[in-house]
Structures are given as C-alpha cells and as structure tokens.
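Heads up: the structure comes next, in structure tokens.
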Amino acid sequence: PPSFRVQHISDVAGAEACGALKNIFALGAGFVDGLGLGSNTKAALLRVGLKEMAKFCHMFFDGVRDDTFTESCGMADLITTCYGGRNRKCAEAYARERLREKDIVSHDEKECEAMWAKIETELLNGQKLQGTLTTKEAHEVLESQRVLGDFPLIKVIHDIAFKGKPVRDIVEGIAVTSRHAGGQSPTHPSHL
C-alpha cells in the first residue's frame, strides 16, 4: 500500500504564501528552543504564527481560503518546519550564540547577517536558509503598507534576527492581548 498521499487544493496563492511564511516562524521556534522555553511556549508561537500567516495571506492575496491553513500546506507544514526544519535548527544555533554573549551585546544588521551566514555554512552543508530572506521581505512589505504593528510576531522575529534585539524578547511577539471589561490585559505565552 502507498505510504505517501498527495492532496490537491485550489488555493494556489494561499499554499505558496504558507510555504514561504512558515520559515519566518521556524526562526522564532528556533529562538524558543535555543532559550529552552519549552513546548508550551513553542505551541503558543505556532498558534500566533498560524494566525499571522492567515492574516498576511488574506491581506495581500485575493481568494485565499480559510481551510488552506488547516491543510498539509498550512498547519502541518508549519508544525513540521518548526520542529525539524533547517531554519529552526539555525535559529536555535543563533540564539545559543547570542546567549553565549549573555544576549547583551548589541548587533547591527551587518553583524547579524554575518552571524547567520556563518551558522548557515557550518550547519547546512550547502543548503540555504529561506527564513532570513523571507523575514526581511515580509517585514519590508508590512512596514511599507503601515501594518507592521498588526504582526507583532513577525516584527519581533525580524528585530531579533537583524536588529540585535535580545533573543529572550521572542515572548513579546507571542504574548497576546485579551479584552476584558476593564480594558486590555496581556496574557503570557505559558498561560495559553
């Protein structure tokens, strides 16, 4: 019996965008792993990441279907990439390198890119990272459209990866705001 199954979906834009955007959140998952924050924090990152993927796709592509995000090209690929992909692996190494410096040394974009290039060379045997490029491009698009504030996880992943923001600040992008009768109350990822 066959052990591999292919499913067809008609949402080409949604499937392709998910295939690119998942790599951003894989960097975030690697930061979580490098910090040793555990599976609940990583699960919260995946939940917020999936929501930001859907929001991004609906914002920039016509005809994206909600059910695309629960297909193999959406949630399943996001989970797989955030647990075993090369972007996650390299981001974990990046986080550990930053932690060796006590996560207090401020890096500019050029220094961050050099760190990524070194890690890519050491760990990937000629393969290339997609997450770093996708993160920069998505950040640029969101910033140019003045909607970056609606994507806090993408923003914090970008800022850790390229602006030298402390890796421990990944939780800022995962934390969500819940509405209560008295206003807004932040919820820490470990409580999600």
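Simple scheme: letters A, B, ... for chains in structure tokens order, numbers from 1 for residues in each chain, numbers from 1 for ligands in the order shown.
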Next item on the list: List every residue of chain A that DSSP, applied to the backbone, labels as strand (DSSP E or B), and write the result as a ChimeraX atom specification.
Entry: /A:176-180,183-187
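When only C-alpha atoms are used to compute distances to A:Gly84, the closest of the residues A:Val147, A:Ala29, A:Ile170, A:Cys112 turns out to be A:Ala29.
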Item checked: From A:Ala93, A:Cys18, A:Leu35, A:Leu99, residue lying nearest A:Leu123 [only C-alpha atoms] ->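 Nearest candidate to A:Leu123 out of A:Ala93, A:Cys18, A:Leu35, A:Leu99: A:Ala93.
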Check: Which parts of stretch 1-185 of chain A does DSSP call alpha helix (DSSP H) when run on the backbone here, written out as JSON, numbers by chain?
Finding: {"A": [12, 13, 14, 15, 16, 17, 18, 19, 20, 21, 22, 23, 24, 25, 26, 27, 28, 29, 30, 31, 32, 33, 34, 35, 39, 40, 41, 42, 43, 44, 45, 46, 47, 48, 49, 50, 51, 52, 53, 54, 55, 56, 57, 58, 59, 60, 77, 78, 79, 80, 81, 82, 83, 84, 86, 87, 88, 89, 90, 91, 92, 93, 94, 95, 96, 97, 98, 99, 100, 109, 110, 111, 112, 113, 114, 115, 116, 117, 118, 119, 120, 121, 122, 123, 131, 132, 133, 134, 135, 136, 137, 138, 139, 140, 141, 142, 143, 144, 152, 153, 154, 155, 156, 157, 158, 159, 160, 161, 162, 170, 171, 172, 173, 174]}
Same residues, C-alpha atoms, saved as a JSON list (two decimals), in the first residue's frame:
```json
[["chain", "number", "residue", "atom", "x", "y", "z"],
["A", 12, "VAL", "CA", -2.53, 28.36, -5.08],
["A", 13, "ALA", "CA", -1.75, 31.76, -3.54],
["A", 14, "GLY", "CA", -2.54, 30.57, -0.02],
["A", 15, "ALA", "CA", -0.50, 27.39, -0.39],
["A", 16, "GLU", "CA", 2.52, 29.22, -1.80],
["A", 17, "ALA", "CA", 2.40, 32.01, 0.77],
["A", 18, "CYS", "CA", 2.15, 29.48, 3.62],
["A", 19, "GLY", "CA", 5.14, 27.66, 2.16],
["A", 20, "ALA", "CA", 7.21, 30.83, 2.44],
["A", 21, "LEU", "CA", 5.82, 32.37, 5.65],
["A", 22, "LYS", "CA", 6.27, 29.20, 7.74],
["A", 23, "ASN", "CA", 10.03, 29.78, 7.56],
["A", 24, "ILE", "CA", 9.69, 33.05, 9.48],
["A", 25, "PHE", "CA", 8.01, 31.27, 12.35],
["A", 26, "ALA", "CA", 10.57, 28.47, 12.20],
["A", 27, "LEU", "CA", 13.17, 31.09, 13.13],
["A", 28, "GLY", "CA", 11.00, 32.02, 16.10],
["A", 29, "ALA", "CA", 10.69, 28.36, 17.07],
["A", 30, "GLY", "CA", 14.47, 28.06, 16.96],
["A", 31, "PHE", "CA", 14.80, 31.07, 19.24],
["A", 32, "VAL", "CA", 12.36, 29.42, 21.68],
["A", 33, "ASP", "CA", 14.37, 26.18, 21.54],
["A", 34, "GLY", "CA", 17.67, 28.00, 21.97],
["A", 35, "LEU", "CA", 16.31, 29.65, 25.10],
["A", 39, "SER", "CA", 6.87, 23.02, 24.44],
["A", 40, "ASN", "CA", 4.05, 25.23, 25.74],
["A", 41, "THR", "CA", 5.84, 28.37, 24.60],
["A", 42, "LYS", "CA", 6.63, 26.77, 21.25],
["A", 43, "ALA", "CA", 2.98, 25.74, 20.84],
["A", 44, "ALA", "CA", 1.92, 29.32, 21.59],
["A", 45, "LEU", "CA", 4.38, 30.56, 18.95],
["A", 46, "LEU", "CA", 2.88, 28.18, 16.37],
["A", 47, "ARG", "CA", -0.66, 29.31, 17.23],
["A", 48, "VAL", "CA", 0.22, 33.01, 16.89],
["A", 49, "GLY", "CA", 2.31, 32.25, 13.78],
["A", 50, "LEU", "CA", -0.60, 30.47, 12.10],
["A", 51, "LYS", "CA", -2.86, 33.44, 12.87],
["A", 52, "GLU", "CA", -0.33, 35.88, 11.40],
["A", 53, "MET", "CA", 0.10, 33.66, 8.32],
["A", 54, "ALA", "CA", -3.65, 33.72, 7.73],
["A", 55, "LYS", "CA", -3.88, 37.47, 8.33],
["A", 56, "PHE", "CA", -0.97, 38.15, 5.94],
["A", 57, "CYS", "CA", -2.45, 35.94, 3.23],
["A", 58, "HIS", "CA", -5.92, 37.48, 3.47],
["A", 59, "MET", "CA", -4.42, 40.99, 3.48],
["A", 60, "PHE", "CA", -2.28, 40.59, 0.37],
["A", 77, "ASP", "CA", 3.95, 22.21, 7.18],
["A", 78, "LEU", "CA", 4.26, 24.90, 9.86],
["A", 79, "ILE", "CA", 4.47, 22.27, 12.61],
["A", 80, "THR", "CA", 6.99, 20.14, 10.71],
["A", 81, "THR", "CA", 9.20, 23.11, 9.89],
["A", 82, "CYS", "CA", 9.09, 24.49, 13.44],
["A", 83, "TYR", "CA", 10.12, 21.14, 14.92],
["A", 84, "GLY", "CA", 12.62, 19.79, 12.43],
["A", 86, "ARG", "CA", 16.81, 23.80, 8.86],
["A", 87, "ASN", "CA", 15.52, 27.31, 9.63],
["A", 88, "ARG", "CA", 14.61, 26.20, 13.16],
["A", 89, "LYS", "CA", 17.96, 24.45, 13.56],
["A", 90, "CYS", "CA", 19.96, 27.51, 12.51],
["A", 91, "ALA", "CA", 17.84, 29.87, 14.61],
["A", 92, "GLU", "CA", 18.46, 27.69, 17.65],
["A", 93, "ALA", "CA", 22.22, 27.97, 16.96],
["A", 94, "TYR", "CA", 21.84, 31.75, 16.51],
["A", 95, "ALA", "CA", 20.01, 32.03, 19.85],
["A", 96, "ARG", "CA", 22.67, 29.95, 21.63],
["A", 97, "GLU", "CA", 25.43, 32.11, 20.13],
["A", 98, "ARG", "CA", 23.66, 35.24, 21.32],
["A", 99, "LEU", "CA", 23.23, 33.69, 24.77],
["A", 100, "ARG", "CA", 26.96, 32.93, 24.93],
["A", 109, "GLU", "CA", 22.22, 44.34, 10.75],
["A", 110, "LYS", "CA", 25.59, 43.64, 9.14],
["A", 111, "GLU", "CA", 26.84, 41.74, 12.21],
["A", 112, "CYS", "CA", 23.60, 39.78, 12.44],
["A", 113, "GLU", "CA", 23.81, 38.82, 8.75],
["A", 114, "ALA", "CA", 27.43, 37.70, 9.24],
["A", 115, "MET", "CA", 26.34, 35.52, 12.16],
["A", 116, "TRP", "CA", 23.58, 33.95, 10.04],
["A", 117, "ALA", "CA", 26.00, 33.31, 7.15],
["A", 118, "LYS", "CA", 28.49, 31.61, 9.48],
["A", 119, "ILE", "CA", 25.78, 29.39, 11.00],
["A", 120, "GLU", "CA", 24.39, 28.54, 7.55],
["A", 121, "THR", "CA", 27.84, 27.50, 6.34],
["A", 122, "GLU", "CA", 28.59, 25.43, 9.45],
["A", 123, "LEU", "CA", 25.26, 23.62, 9.73],
["A", 131, "GLY", "CA", 13.61, 32.12, 6.77],
["A", 132, "THR", "CA", 16.03, 35.00, 6.99],
["A", 133, "LEU", "CA", 15.25, 36.32, 3.50],
["A", 134, "THR", "CA", 11.50, 35.77, 3.91],
["A", 135, "THR", "CA", 11.57, 37.57, 7.26],
["A", 136, "LYS", "CA", 13.28, 40.60, 5.74],
["A", 137, "GLU", "CA", 10.89, 40.69, 2.76],
["A", 138, "ALA", "CA", 7.71, 40.24, 4.82],
["A", 139, "HIS", "CA", 8.88, 42.91, 7.28],
["A", 140, "GLU", "CA", 9.57, 45.31, 4.41],
["A", 141, "VAL", "CA", 6.14, 44.74, 2.85],
["A", 142, "LEU", "CA", 4.33, 45.13, 6.17],
["A", 143, "GLU", "CA", 6.28, 48.27, 7.01],
["A", 144, "SER", "CA", 5.65, 49.82, 3.58],
["A", 152, "PRO", "CA", 3.94, 41.52, 16.39],
["A", 153, "LEU", "CA", 5.49, 38.07, 15.99],
["A", 154, "ILE", "CA", 6.93, 38.79, 12.55],
["A", 155, "LYS", "CA", 8.24, 42.12, 13.86],
["A", 156, "VAL", "CA", 10.00, 40.65, 16.90],
["A", 157, "ILE", "CA", 11.48, 37.75, 14.90],
["A", 158, "HIS", "CA", 12.86, 40.30, 12.42],
["A", 159, "ASP", "CA", 14.23, 42.52, 15.16],
["A", 160, "ILE", "CA", 15.96, 39.62, 16.92],
["A", 161, "ALA", "CA", 17.37, 38.30, 13.65],
["A", 162, "PHE", "CA", 18.55, 41.61, 12.17],
["A", 170, "ILE", "CA", 10.67, 36.43, 21.49],
["A", 171, "VAL", "CA", 7.95, 36.16, 24.15],
["A", 172, "GLU", "CA", 6.87, 39.74, 23.29],
["A", 173, "GLY", "CA", 5.76, 38.51, 19.89],
["A", 174, "ILE", "CA", 3.98, 35.50, 21.33]]
```
Note to self: Quick check, in Å to one decimal: how far apart do atom CA of A:Asp169 and atom CA of A:Asp108 lie?
What the structure shows: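 Between atom CA of A:Asp169 and atom CA of A:Asp108 the gap works out to 16.6 Å.
Distances to A:Gly63 were evaluated for A:Gln127, A:Pro1, A:Gly38, A:Asp11 using only C-alpha atoms, and the minimum falls at A:Asp11.
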